[in-house]
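For reference, model_31.txt is printed below; it contains compact mmCIF, C-alpha atoms and all ligand atoms.
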```txt
# COMPACT_ATOMS: atom_id res chain seq x y z
CA MET B 280 19.48 31.20 -36.36
CA THR B 281 17.12 33.52 -34.47
CA PHE B 282 14.24 33.61 -36.92
CA ASP B 283 14.32 29.85 -37.50
CA SER B 284 11.97 29.31 -34.58
CA LEU B 285 9.32 31.57 -36.18
CA ALA B 286 9.36 30.03 -39.67
CA ALA B 287 6.65 27.41 -39.14
CA SER B 288 4.10 29.80 -37.59
CA TYR B 289 5.12 33.00 -39.39
CA ASP B 290 2.52 33.00 -42.18
CA ALA B 291 -0.38 32.75 -39.71
CA SER B 292 0.32 36.38 -38.68
CA PHE B 293 2.06 37.92 -41.66
CA GLY B 294 0.70 35.82 -44.50
CA VAL B 295 -3.00 35.22 -43.95
CA ALA B 296 -4.13 37.48 -41.05
CA PRO B 297 -6.09 40.55 -42.23
CA THR B 298 -3.71 43.35 -41.21
CA GLY B 299 -0.67 41.43 -42.40
CA ARG B 300 -2.39 40.96 -45.79
CA LEU B 301 -3.46 44.60 -45.96
CA PHE B 302 0.08 45.90 -45.33
CA ARG B 303 1.52 43.34 -47.75
CA PHE B 304 -0.95 44.34 -50.46
CA ARG B 305 -0.07 48.02 -50.06
CA VAL B 306 3.65 47.32 -50.40
CA ALA B 307 3.06 45.07 -53.44
CA GLU B 308 0.91 47.79 -55.02
CA ARG B 309 3.77 50.28 -54.70
CA VAL B 310 6.42 47.86 -55.97
CA MET B 311 4.30 47.22 -59.08
CA THR B 312 4.28 50.95 -59.91
CA SER B 313 7.92 50.45 -60.81
CA ALA B 314 8.49 46.73 -61.45
CA ARG B 315 7.27 45.17 -64.70
CA PRO B 316 7.14 41.62 -66.03
CA GLY B 317 10.78 40.74 -66.59
CA SER B 318 12.09 43.18 -63.94
CA ARG B 319 14.82 41.81 -61.73
CA VAL B 320 13.76 42.11 -58.10
CA LEU B 321 15.80 41.38 -54.99
CA ASP B 322 13.86 40.67 -51.77
CA ILE B 323 16.14 41.28 -48.77
CA GLY B 324 15.10 39.35 -45.64
CA CYS B 325 12.45 37.52 -47.66
CA GLY B 326 11.30 35.32 -44.77
CA THR B 327 8.85 32.68 -46.00
CA GLY B 328 8.88 34.19 -49.49
CA GLU B 329 5.32 35.56 -49.50
CA ASP B 330 6.21 38.72 -51.45
CA ALA B 331 8.78 37.04 -53.67
CA VAL B 332 6.32 34.36 -54.81
CA TRP B 333 3.62 36.98 -55.41
CA LEU B 334 5.94 39.22 -57.44
CA ALA B 335 7.18 36.24 -59.45
CA ALA B 336 3.53 35.46 -60.28
CA GLN B 337 3.33 38.99 -61.78
CA GLY B 338 6.19 38.07 -64.12
CA CYS B 339 9.12 39.57 -62.16
CA LEU B 340 12.40 37.67 -61.89
CA VAL B 341 12.68 37.52 -58.11
CA HIS B 342 15.54 36.43 -55.91
CA GLY B 343 14.99 36.30 -52.14
CA ILE B 344 17.72 36.20 -49.53
CA ASP B 345 17.48 35.58 -45.79
CA PRO B 346 20.02 34.39 -43.21
CA SER B 347 17.53 32.01 -41.56
CA PRO B 348 17.83 28.48 -43.03
CA LYS B 349 14.29 27.61 -41.87
CA MET B 350 12.81 30.72 -43.48
CA ILE B 351 14.58 29.86 -46.74
CA GLU B 352 13.39 26.26 -46.48
CA ALA B 353 9.80 27.51 -46.04
CA ALA B 354 10.19 29.92 -48.97
CA LYS B 355 11.53 27.22 -51.27
CA ALA B 356 8.72 24.85 -50.25
CA LYS B 357 6.13 27.57 -50.93
CA ALA B 358 7.65 28.35 -54.33
CA ALA B 359 7.68 24.66 -55.26
CA ALA B 360 4.06 24.17 -54.10
CA ARG B 361 2.88 27.15 -56.17
CA GLY B 362 5.02 26.45 -59.22
CA SER B 363 6.83 29.77 -58.71
CA THR B 364 9.95 30.89 -60.55
CA ALA B 365 11.20 32.82 -57.48
CA THR B 366 14.62 31.68 -56.28
CA PHE B 367 15.95 31.81 -52.72
CA GLU B 368 19.34 31.81 -51.04
CA CYS B 369 20.41 31.65 -47.42
CA ARG B 370 22.61 34.71 -46.80
CA PRO B 371 22.43 38.00 -44.88
CA VAL B 372 22.22 41.42 -46.52
CA GLN B 373 25.79 42.14 -45.36
CA SER B 374 27.05 39.48 -47.79
CA LEU B 375 25.78 41.49 -50.77
CA ALA B 376 28.58 44.06 -50.48
CA THR B 377 30.32 42.80 -53.60
CA GLU B 378 27.23 42.28 -55.79
CA GLY B 379 26.82 44.59 -58.76
CA ALA B 380 24.05 47.07 -59.51
CA SER B 381 21.83 44.59 -61.24
CA PHE B 382 18.32 44.91 -59.77
CA ASP B 383 15.43 46.99 -61.11
CA ALA B 384 13.82 46.88 -57.67
CA VAL B 385 15.17 46.08 -54.24
CA ILE B 386 12.48 45.36 -51.70
CA SER B 387 12.51 44.56 -48.01
CA ASN B 388 9.25 44.08 -46.16
CA PHE B 389 8.00 43.78 -42.60
CA GLY B 390 11.03 45.16 -40.84
CA ALA B 391 13.73 42.77 -42.04
CA LEU B 392 16.11 45.74 -42.19
CA ASN B 393 15.24 46.77 -38.62
CA CYS B 394 17.49 43.79 -37.75
CA VAL B 395 20.47 45.45 -39.46
CA PRO B 396 22.21 48.70 -38.42
CA LEU B 397 20.96 51.56 -40.61
CA GLU B 398 24.45 52.60 -41.78
CA THR B 399 25.09 49.04 -43.03
CA TRP B 400 21.99 48.56 -45.17
CA ALA B 401 21.79 52.19 -46.33
CA ALA B 402 25.32 51.94 -47.75
CA LEU B 403 24.49 48.68 -49.53
CA ALA B 404 20.93 48.81 -50.87
CA PRO B 405 21.37 51.67 -53.39
CA SER B 406 24.46 50.00 -54.86
CA LEU B 407 22.34 46.99 -55.85
CA LEU B 408 19.98 49.10 -57.97
CA THR B 409 20.34 49.81 -61.68
CA ALA B 410 20.44 53.53 -62.55
CA SER B 411 16.66 53.61 -63.05
CA GLY B 412 15.90 51.14 -60.26
CA ARG B 413 13.87 51.83 -57.13
CA GLY B 414 14.13 50.66 -53.53
CA PHE B 415 11.07 49.82 -51.39
CA VAL B 416 11.82 49.29 -47.72
CA SER B 417 9.14 48.77 -45.10
CA LEU B 418 10.61 49.33 -41.65
CA MET B 419 8.94 48.99 -38.28
CA GLY B 420 8.12 52.55 -37.29
CA ARG B 421 9.64 54.17 -34.25
CA ARG B 422 6.49 55.98 -33.09
CA PRO B 423 3.37 54.02 -34.11
CA LEU B 424 0.23 56.02 -33.38
CA PRO B 425 -2.23 53.14 -32.69
CA GLU B 426 0.16 51.73 -30.11
CA ALA B 427 0.53 55.13 -28.41
CA LEU B 428 -3.27 55.60 -28.36
CA ARG B 429 -3.82 52.14 -26.96
CA ARG B 430 -0.93 51.87 -24.50
CA GLY B 431 -0.23 55.49 -23.62
CA ARG B 432 2.89 57.63 -23.54
CA SER B 433 5.24 54.76 -22.68
CA ALA B 434 4.53 53.27 -26.13
CA ALA B 435 4.85 56.60 -27.96
CA ASP B 436 8.52 55.96 -28.82
CA ARG B 437 9.90 52.43 -29.22
CA GLY B 438 13.45 53.75 -28.67
CA ARG B 439 16.33 53.62 -31.15
CA THR B 440 18.04 50.28 -30.52
CA VAL B 441 16.17 47.78 -28.42
CA ALA B 442 16.81 44.15 -27.47
CA VAL B 443 13.79 42.15 -28.66
CA LYS B 444 13.10 38.52 -27.89
CA VAL B 445 12.67 36.41 -31.03
CA GLY B 446 12.01 32.78 -30.18
CA ASP B 447 14.52 31.83 -27.49
CA SER B 448 17.11 34.52 -28.18
CA ALA B 449 17.30 38.30 -28.17
CA ILE B 450 18.30 40.43 -31.15
CA SER B 451 19.03 44.14 -31.50
CA VAL B 452 16.22 45.88 -33.34
CA HIS B 453 16.93 49.34 -34.76
CA TYR B 454 13.99 51.76 -34.97
CA GLU B 455 14.94 54.74 -37.09
CA SER B 456 13.27 58.07 -37.85
CA VAL B 457 12.55 58.93 -41.49
CA ASP B 458 15.08 61.77 -41.22
CA ALA B 459 17.77 59.36 -40.06
CA VAL B 460 17.05 57.05 -43.02
CA ARG B 461 17.11 60.01 -45.43
CA ARG B 462 20.49 61.11 -44.06
CA ALA B 463 21.98 57.62 -44.16
CA LEU B 464 20.86 57.08 -47.77
CA ALA B 465 21.78 60.60 -48.89
CA PRO B 466 25.31 59.92 -50.24
CA ALA B 467 23.93 57.37 -52.72
CA ALA B 468 20.15 57.69 -52.92
CA THR B 469 17.22 60.08 -52.58
CA VAL B 470 14.05 59.17 -50.70
CA ARG B 471 11.15 59.89 -53.09
CA ARG B 472 8.12 58.78 -51.10
CA VAL B 473 7.23 57.96 -47.50
CA GLU B 474 3.97 56.46 -46.28
CA ALA B 475 2.76 54.95 -43.06
CA LEU B 476 1.43 51.42 -42.91
CA GLY B 477 -0.74 51.35 -39.82
CA CYS B 478 -0.82 54.96 -38.58
CA LEU B 479 -4.57 54.46 -37.93
CA VAL B 480 -5.10 50.77 -38.72
CA PRO B 481 -3.76 48.74 -35.77
CA GLY B 482 -0.71 46.67 -36.75
CA PRO B 483 -0.31 42.88 -36.87
CA GLY B 484 0.20 42.92 -33.08
CA PHE B 485 -3.54 43.68 -32.75
CA GLU B 486 -4.89 40.87 -34.97
CA GLY B 487 -7.51 39.91 -32.36
CA PHE B 488 -9.00 43.41 -32.57
CA ALA B 489 -8.90 43.34 -36.38
CA ARG B 490 -10.76 40.02 -36.50
CA ARG B 491 -13.42 41.16 -33.99
CA HIS B 492 -13.97 44.58 -35.59
CA PRO B 493 -13.58 44.29 -39.37
CA ILE B 494 -15.84 47.27 -40.09
CA VAL B 495 -13.88 49.53 -37.73
CA VAL B 496 -10.64 48.40 -39.39
CA GLY B 497 -12.18 49.05 -42.83
CA VAL B 498 -13.13 52.60 -41.84
CA LEU B 499 -9.69 53.20 -40.32
CA ALA B 500 -8.08 51.88 -43.52
CA MET B 501 -10.09 54.39 -45.59
CA ALA B 502 -9.08 57.24 -43.27
CA GLU B 503 -5.48 56.06 -43.39
CA ALA B 504 -5.53 56.20 -47.19
CA VAL B 505 -6.17 59.95 -46.86
CA VAL B 506 -3.48 60.78 -44.27
CA ARG B 507 -0.79 58.12 -44.75
CA ARG B 508 1.60 60.44 -46.61
CA ALA B 509 0.86 63.60 -44.63
CA PRO B 510 3.54 65.02 -42.31
CA PHE B 511 3.15 63.72 -38.74
CA PHE B 512 1.15 60.65 -39.87
CA ASN B 513 3.64 59.33 -42.45
CA GLU B 514 6.19 58.40 -39.74
CA ARG B 515 3.68 57.17 -37.20
CA GLY B 516 2.88 53.83 -38.77
CA ASP B 517 3.35 50.44 -37.23
CA HIS B 518 5.55 50.23 -40.33
CA VAL B 519 6.81 52.97 -42.63
CA LEU B 520 7.32 52.36 -46.35
CA LEU B 521 10.19 54.35 -47.87
CA GLU B 522 10.95 54.47 -51.58
CA PHE B 523 14.29 55.62 -52.90
CA GLU B 524 16.25 56.03 -56.12
CA ARG B 525 19.96 56.19 -56.78
CA ARG B 526 21.51 59.63 -57.13
C1 LIG B 601 9.80 39.98 -39.69
S1 LIG B 601 10.64 38.97 -40.84
C2 LIG B 601 10.12 39.66 -42.40
C3 LIG B 601 10.13 38.62 -43.49
C4 LIG B 601 9.57 39.04 -44.85
N1 LIG B 601 10.27 40.17 -45.41
C5 LIG B 601 8.10 39.30 -44.82
O1 LIG B 601 7.65 40.28 -45.41
O2 LIG B 601 7.37 38.49 -44.27
C6 LIG B 601 12.28 39.57 -40.72
C7 LIG B 601 13.27 38.73 -41.56
O3 LIG B 601 14.51 39.44 -41.60
C8 LIG B 601 15.51 38.46 -41.67
N2 LIG B 601 16.81 39.04 -41.31
C9 LIG B 601 17.35 39.19 -40.08
N3 LIG B 601 18.61 39.64 -40.17
C10 LIG B 601 18.86 39.82 -41.50
C11 LIG B 601 20.01 40.23 -42.24
N4 LIG B 601 21.15 40.57 -41.63
N5 LIG B 601 19.93 40.24 -43.60
C12 LIG B 601 18.79 39.89 -44.23
N6 LIG B 601 17.68 39.49 -43.57
C13 LIG B 601 17.71 39.43 -42.23
C14 LIG B 601 15.04 37.39 -40.69
O4 LIG B 601 15.70 36.15 -40.85
C15 LIG B 601 13.56 37.35 -40.99
O5 LIG B 601 13.22 36.36 -41.93
```
Is it possible to give me this structure as structure tokens?
Ligand SMILES: C[S@@+](CC[C@H](N)C(=O)[O-])C[C@H]1O[C@@H](n2cnc3c(N)ncnc32)[C@H](O)[C@@H]1O
Amino acid sequence: MTFDSLAASYDASFGVAPTGRLFRFRVAERVMTSARPGSRVLDIGCGTGEDAVWLAAQGCLVHGIDPSPKMIEAAKAKAAARGSTATFECRPVQSLATEGASFDAVISNFGALNCVPLETWAALAPSLLTASGRGFVSLMGRRPLPEALRRGRSAADRGRTVAVKVGDSAISVHYESVDAVRRALAPAATVRRVEALGCLVPGPGFEGFARRHPIVVGVLAMAEAVVRRAPFFNERGDHVLLEFERR
């Protein structure tokens, strides 16, 4: 499976590196505005289980799914090492079509759902939520500002569907606008909040810069806190965090 080859090294970038941690913290902070101890949380495309284990430590009942056997192996090992109650299962989001609406929060972090056509996950995710549940999906943004500033106009738009090399194989990655996500969710859910993760702070692809210039990144993070929900900026993150509720 494509992401298997990344499992062993994945946490070095998205688990412990400063920007990865910053983005993860901001997503966790939002999830905890809605989830409570005892809430049932589904983590779609959970990877190595970083968020699932953290949320379980806050008292949530977390189940993580991912189609990569190596990612699930890493997640289970992490949960065992930390004495976590989080549970994990090797399956893709598409297989959840027949599950009931049983989760108080459905989360998906660091672009797992960029690997799935928008129409597919947008039809499924709301149906997994209880009536008062909330979805939190962090997608890789289509037009990240730091990348455009650094690399020029050619990086201003990542394009809609792009073949991206992951390990030894290529996968289709779908970069969607916020409007497209709103429209796709509209029959079943309403988008309540949109914020950029990394509209000023450079994304995990610029970890070298973040390590060399922590004060600059700190200042950019403070500025980002002011503009991250403002029109123009809210879609121009390295990632974009969308929150939605069932209609
Ligand atoms: C960049 S990783 C993000 C992992 C994790 N959410 C995190 O925050 O670190 C993307 C993950 O999406 C998973 N993925 C790919 N296709 C998927 C699908 N159809 N259903 C669910 N997850 C999928 C991959 O196996 C991979 O673990």
**Item:** Residues near B:Asp322, cut-off 9 Å, all atoms listed in the file, skip fewer than 6 positions along chain, as number ranges by chain
**Value:** B: 328, 330-331, 341-345, 384-388
If you keep C-alpha atoms, can you produce a file of those selected residues as a PDB file, in the coordinates of the input?
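Saved as result28.pdb:
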```pdb
ATOM      1  CA  GLY B 328       8.880  34.190 -49.490  1.00  0.00           C
ATOM      2  CA  ASP B 330       6.210  38.720 -51.450  1.00  0.00           C
ATOM      3  CA  ALA B 331       8.780  37.040 -53.670  1.00  0.00           C
ATOM      4  CA  VAL B 341      12.680  37.520 -58.110  1.00  0.00           C
ATOM      5  CA  HIS B 342      15.540  36.430 -55.910  1.00  0.00           C
ATOM      6  CA  GLY B 343      14.990  36.300 -52.140  1.00  0.00           C
ATOM      7  CA  ILE B 344      17.720  36.200 -49.530  1.00  0.00           C
ATOM      8  CA  ASP B 345      17.480  35.580 -45.790  1.00  0.00           C
ATOM      9  CA  ALA B 384      13.820  46.880 -57.670  1.00  0.00           C
ATOM     10  CA  VAL B 385      15.170  46.080 -54.240  1.00  0.00           C
ATOM     11  CA  ILE B 386      12.480  45.360 -51.700  1.00  0.00           C
ATOM     12  CA  SER B 387      12.510  44.560 -48.010  1.00  0.00           C
ATOM     13  CA  ASN B 388       9.250  44.080 -46.160  1.00  0.00           C
TER      14      ASN B 388
END
```
Per residue of chain B within 7 Å of ligand LIG 601 (chain B), what are the shortest atom pair and its distance in Å to one decimal, counting only C-alpha atoms and all ligand atoms, with rows by chain and residue number, as a tab-separated table?
```
residue	atom	partner	partner_atom	distance
B:Phe282	CA	B:LIG601	O4	4.9
B:Phe293	CA	B:LIG601	O2	5.9
B:Ile323	CA	B:LIG601	C12	5.4
B:Gly324	CA	B:LIG601	N6	3.3
B:Cys325	CA	B:LIG601	N1	4.1
B:Gly326	CA	B:LIG601	O5	3.6
B:Thr327	CA	B:LIG601	O2	6.2
B:Gly328	CA	B:LIG601	C4	6.7
B:Glu329	CA	B:LIG601	O2	6.3
B:Asp330	CA	B:LIG601	O1	6.4
B:Ile344	CA	B:LIG601	C12	6.5
B:Asp345	CA	B:LIG601	N6	4.5
B:Pro346	CA	B:LIG601	O4	5.2
B:Ser347	CA	B:LIG601	O4	4.6
B:Met350	CA	B:LIG601	O5	5.9
B:Arg370	CA	B:LIG601	N5	6.9
B:Pro371	CA	B:LIG601	N5	3.6
B:Val372	CA	B:LIG601	N5	3.9
B:Gln373	CA	B:LIG601	N4	6.2
B:Ser387	CA	B:LIG601	N1	5.6
B:Asn388	CA	B:LIG601	N1	4.1
B:Phe389	CA	B:LIG601	O1	4.5
B:Gly390	CA	B:LIG601	C1	5.4
B:Ala391	CA	B:LIG601	O3	3.4
B:Leu392	CA	B:LIG601	C13	6.5
B:Cys394	CA	B:LIG601	N3	4.9
B:Val395	CA	B:LIG601	N4	5.4
```
**Asked** Which of these, B:Gly516, B:Phe523, B:Val295, B:Ala380, has the shortest distance to B:Val310 once you count all atoms listed in the file?
**Response**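 Of B:Gly516, B:Phe523, B:Val295, B:Ala380, the one nearest B:Val310, counting all atoms listed in the file, is B:Phe523.
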**Asked** So how many Å separate atom CA of B:Asn513 and atom CA of B:Ser318, to one decimal?
**Response**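 Taking atom CA of B:Asn513 and atom CA of B:Ser318, their separation equals 28.2 Å.
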**Message:** I'd like the interatomic distance between atom CA of B:Arg432 and atom CA of B:His518, to a tenth of an Å.
**Reply:**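 These atoms are spaced 18.5 Å apart.
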Residues within 12 Å of B:Arg490, all atoms listed in the file, excluding chain neighbours under 6 positions, as a PDB file with C-alpha atoms, in the frame of the given file:
```pdb
ATOM      1  CA  SER B 292       0.320  36.380 -38.680  1.00  0.00           C
ATOM      2  CA  VAL B 295      -3.000  35.220 -43.950  1.00  0.00           C
ATOM      3  CA  ALA B 296      -4.130  37.480 -41.050  1.00  0.00           C
ATOM      4  CA  PRO B 297      -6.090  40.550 -42.230  1.00  0.00           C
ATOM      5  CA  THR B 298      -3.710  43.350 -41.210  1.00  0.00           C
ATOM      6  CA  GLY B 299      -0.670  41.430 -42.400  1.00  0.00           C
ATOM      7  CA  PRO B 481      -3.760  48.740 -35.770  1.00  0.00           C
ATOM      8  CA  PRO B 483      -0.310  42.880 -36.870  1.00  0.00           C
ATOM      9  CA  GLY B 484       0.200  42.920 -33.080  1.00  0.00           C
ATOM     10  CA  VAL B 496     -10.640  48.400 -39.390  1.00  0.00           C
ATOM     11  CA  GLY B 497     -12.180  49.050 -42.830  1.00  0.00           C
TER      12      GLY B 497
END
```
Which residues of stretch 425-449 of chain B have any atom within 12 Å of an atom in stretch 415-419 of chain B when counting only C-alpha atoms, and what is the closest pair of atoms for each, with the distance in Å to one decimal? Order the rows by chain and rising number and write it as a Markdown table.
```
| residue | atom | partner | partner_atom | distance |
| --- | --- | --- | --- | --- |
| B:Asp436 | CA | B:Met419 | CA | 11.8 |
| B:Arg437 | CA | B:Met419 | CA | 9.7 |
| B:Gly438 | CA | B:Met419 | CA | 11.6 |
| B:Arg439 | CA | B:Met419 | CA | 11.3 |
```
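If you look at atom CA of B:Thr366 and atom CA of B:Gly412, they are 19.9 Å away from each other.
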Using all atoms of stretch 295-307 of chain B listed in the file and a margin of 3 Å per side, can you give the axis-aligned box centre and edge lengths in Å to one decimal, as AutoDock Vina command-line options?
```
--center_x -1.2 --center_y 41.6 --center_z -47.2 --size_x 15.7 --size_y 18.8 --size_z 18.4
```
Since the input is missing atoms for stretch 419-444 of chain B, could you rebuild it with N, CA, C and O atoms and give the result as a PDB file, keeping the file's coordinate frame?
```pdb
ATOM      1  N   MET B 419       9.800  48.767 -39.439  1.00  0.00           N
ATOM      2  CA  MET B 419       8.940  48.990 -38.280  1.00  0.00           C
ATOM      3  C   MET B 419       9.150  50.432 -37.833  1.00  0.00           C
ATOM      4  O   MET B 419      10.287  50.883 -37.695  1.00  0.00           O
ATOM      5  N   GLY B 420       8.036  51.136 -37.643  1.00  0.00           N
ATOM      6  CA  GLY B 420       8.120  52.550 -37.290  1.00  0.00           C
ATOM      7  C   GLY B 420       8.569  52.740 -35.847  1.00  0.00           C
ATOM      8  O   GLY B 420       8.371  51.868 -34.997  1.00  0.00           O
ATOM      9  N   ARG B 421       9.150  53.895 -35.600  1.00  0.00           N
ATOM     10  CA  ARG B 421       9.640  54.170 -34.250  1.00  0.00           C
ATOM     11  C   ARG B 421       8.519  54.665 -33.333  1.00  0.00           C
ATOM     12  O   ARG B 421       8.546  54.432 -32.130  1.00  0.00           O
ATOM     13  N   ARG B 422       7.529  55.369 -33.926  1.00  0.00           N
ATOM     14  CA  ARG B 422       6.490  55.980 -33.090  1.00  0.00           C
ATOM     15  C   ARG B 422       5.084  55.644 -33.608  1.00  0.00           C
ATOM     16  O   ARG B 422       4.360  56.530 -34.066  1.00  0.00           O
ATOM     17  N   PRO B 423       4.677  54.381 -33.544  1.00  0.00           N
ATOM     18  CA  PRO B 423       3.370  54.020 -34.110  1.00  0.00           C
ATOM     19  C   PRO B 423       2.209  54.625 -33.315  1.00  0.00           C
ATOM     20  O   PRO B 423       2.137  54.471 -32.095  1.00  0.00           O
ATOM     21  N   LEU B 424       1.329  55.307 -34.037  1.00  0.00           N
ATOM     22  CA  LEU B 424       0.230  56.020 -33.380  1.00  0.00           C
ATOM     23  C   LEU B 424      -0.769  55.078 -32.689  1.00  0.00           C
ATOM     24  O   LEU B 424      -1.134  55.323 -31.534  1.00  0.00           O
ATOM     25  N   PRO B 425      -1.236  54.002 -33.364  1.00  0.00           N
ATOM     26  CA  PRO B 425      -2.230  53.140 -32.690  1.00  0.00           C
ATOM     27  C   PRO B 425      -1.704  52.584 -31.366  1.00  0.00           C
ATOM     28  O   PRO B 425      -2.453  52.473 -30.394  1.00  0.00           O
ATOM     29  N   GLU B 426      -0.419  52.277 -31.331  1.00  0.00           N
ATOM     30  CA  GLU B 426       0.160  51.730 -30.110  1.00  0.00           C
ATOM     31  C   GLU B 426       0.164  52.798 -29.009  1.00  0.00           C
ATOM     32  O   GLU B 426      -0.142  52.520 -27.853  1.00  0.00           O
ATOM     33  N   ALA B 427       0.507  54.035 -29.390  1.00  0.00           N
ATOM     34  CA  ALA B 427       0.530  55.130 -28.410  1.00  0.00           C
ATOM     35  C   ALA B 427      -0.884  55.388 -27.881  1.00  0.00           C
ATOM     36  O   ALA B 427      -1.089  55.603 -26.687  1.00  0.00           O
ATOM     37  N   LEU B 428      -1.892  55.345 -28.780  1.00  0.00           N
ATOM     38  CA  LEU B 428      -3.270  55.600 -28.360  1.00  0.00           C
ATOM     39  C   LEU B 428      -3.759  54.495 -27.429  1.00  0.00           C
ATOM     40  O   LEU B 428      -4.466  54.729 -26.462  1.00  0.00           O
ATOM     41  N   ARG B 429      -3.343  53.276 -27.749  1.00  0.00           N
ATOM     42  CA  ARG B 429      -3.820  52.140 -26.960  1.00  0.00           C
ATOM     43  C   ARG B 429      -3.055  51.992 -25.642  1.00  0.00           C
ATOM     44  O   ARG B 429      -3.628  51.727 -24.597  1.00  0.00           O
ATOM     45  N   ARG B 430      -1.749  52.186 -25.689  1.00  0.00           N
ATOM     46  CA  ARG B 430      -0.930  51.870 -24.500  1.00  0.00           C
ATOM     47  C   ARG B 430      -0.396  53.086 -23.780  1.00  0.00           C
ATOM     48  O   ARG B 430       0.294  52.956 -22.774  1.00  0.00           O
ATOM     49  N   GLY B 431      -0.650  54.277 -24.324  1.00  0.00           N
ATOM     50  CA  GLY B 431      -0.230  55.490 -23.620  1.00  0.00           C
ATOM     51  C   GLY B 431       1.174  55.922 -23.953  1.00  0.00           C
ATOM     52  O   GLY B 431       1.828  55.368 -24.831  1.00  0.00           O
ATOM     53  N   ARG B 432       1.628  56.948 -23.211  1.00  0.00           N
ATOM     54  CA  ARG B 432       2.890  57.630 -23.540  1.00  0.00           C
ATOM     55  C   ARG B 432       4.086  56.687 -23.572  1.00  0.00           C
ATOM     56  O   ARG B 432       5.008  56.871 -24.356  1.00  0.00           O
ATOM     57  N   SER B 433       4.074  55.652 -22.736  1.00  0.00           N
ATOM     58  CA  SER B 433       5.240  54.760 -22.680  1.00  0.00           C
ATOM     59  C   SER B 433       5.473  54.059 -24.017  1.00  0.00           C
ATOM     60  O   SER B 433       6.581  53.636 -24.323  1.00  0.00           O
ATOM     61  N   ALA B 434       4.387  53.940 -24.831  1.00  0.00           N
ATOM     62  CA  ALA B 434       4.530  53.270 -26.130  1.00  0.00           C
ATOM     63  C   ALA B 434       4.711  54.272 -27.261  1.00  0.00           C
ATOM     64  O   ALA B 434       4.767  53.902 -28.424  1.00  0.00           O
ATOM     65  N   ALA B 435       4.802  55.576 -26.925  1.00  0.00           N
ATOM     66  CA  ALA B 435       4.850  56.600 -27.960  1.00  0.00           C
ATOM     67  C   ALA B 435       6.163  56.558 -28.748  1.00  0.00           C
ATOM     68  O   ALA B 435       6.231  57.000 -29.878  1.00  0.00           O
ATOM     69  N   ASP B 436       7.222  56.046 -28.141  1.00  0.00           N
ATOM     70  CA  ASP B 436       8.520  55.960 -28.820  1.00  0.00           C
ATOM     71  C   ASP B 436       9.125  54.603 -28.469  1.00  0.00           C
ATOM     72  O   ASP B 436       9.367  54.310 -27.306  1.00  0.00           O
ATOM     73  N   ARG B 437       9.373  53.776 -29.493  1.00  0.00           N
ATOM     74  CA  ARG B 437       9.900  52.430 -29.220  1.00  0.00           C
ATOM     75  C   ARG B 437      11.372  52.477 -28.798  1.00  0.00           C
ATOM     76  O   ARG B 437      11.920  51.471 -28.371  1.00  0.00           O
ATOM     77  N   GLY B 438      12.022  53.640 -28.994  1.00  0.00           N
ATOM     78  CA  GLY B 438      13.450  53.750 -28.670  1.00  0.00           C
ATOM     79  C   GLY B 438      14.269  53.403 -29.900  1.00  0.00           C
ATOM     80  O   GLY B 438      13.763  52.786 -30.830  1.00  0.00           O
ATOM     81  N   ARG B 439      15.553  53.785 -29.899  1.00  0.00           N
ATOM     82  CA  ARG B 439      16.330  53.620 -31.150  1.00  0.00           C
ATOM     83  C   ARG B 439      16.821  52.189 -31.346  1.00  0.00           C
ATOM     84  O   ARG B 439      16.535  51.562 -32.353  1.00  0.00           O
ATOM     85  N   THR B 440      17.565  51.669 -30.394  1.00  0.00           N
ATOM     86  CA  THR B 440      18.040  50.280 -30.520  1.00  0.00           C
ATOM     87  C   THR B 440      17.599  49.521 -29.287  1.00  0.00           C
ATOM     88  O   THR B 440      17.896  49.913 -28.159  1.00  0.00           O
ATOM     89  N   VAL B 441      16.835  48.465 -29.520  1.00  0.00           N
ATOM     90  CA  VAL B 441      16.170  47.780 -28.420  1.00  0.00           C
ATOM     91  C   VAL B 441      16.429  46.273 -28.556  1.00  0.00           C
ATOM     92  O   VAL B 441      16.403  45.733 -29.672  1.00  0.00           O
ATOM     93  N   ALA B 442      16.670  45.614 -27.435  1.00  0.00           N
ATOM     94  CA  ALA B 442      16.810  44.150 -27.470  1.00  0.00           C
ATOM     95  C   ALA B 442      15.402  43.555 -27.498  1.00  0.00           C
ATOM     96  O   ALA B 442      14.566  43.869 -26.645  1.00  0.00           O
ATOM     97  N   VAL B 443      15.127  42.741 -28.505  1.00  0.00           N
ATOM     98  CA  VAL B 443      13.790  42.150 -28.660  1.00  0.00           C
ATOM     99  C   VAL B 443      13.939  40.636 -28.669  1.00  0.00           C
ATOM    100  O   VAL B 443      14.845  40.095 -29.318  1.00  0.00           O
ATOM    101  N   LYS B 444      13.038  39.969 -27.934  1.00  0.00           N
ATOM    102  CA  LYS B 444      13.100  38.520 -27.890  1.00  0.00           C
ATOM    103  C   LYS B 444      12.474  37.937 -29.162  1.00  0.00           C
ATOM    104  O   LYS B 444      11.346  38.285 -29.520  1.00  0.00           O
TER     105      LYS B 444
END
```
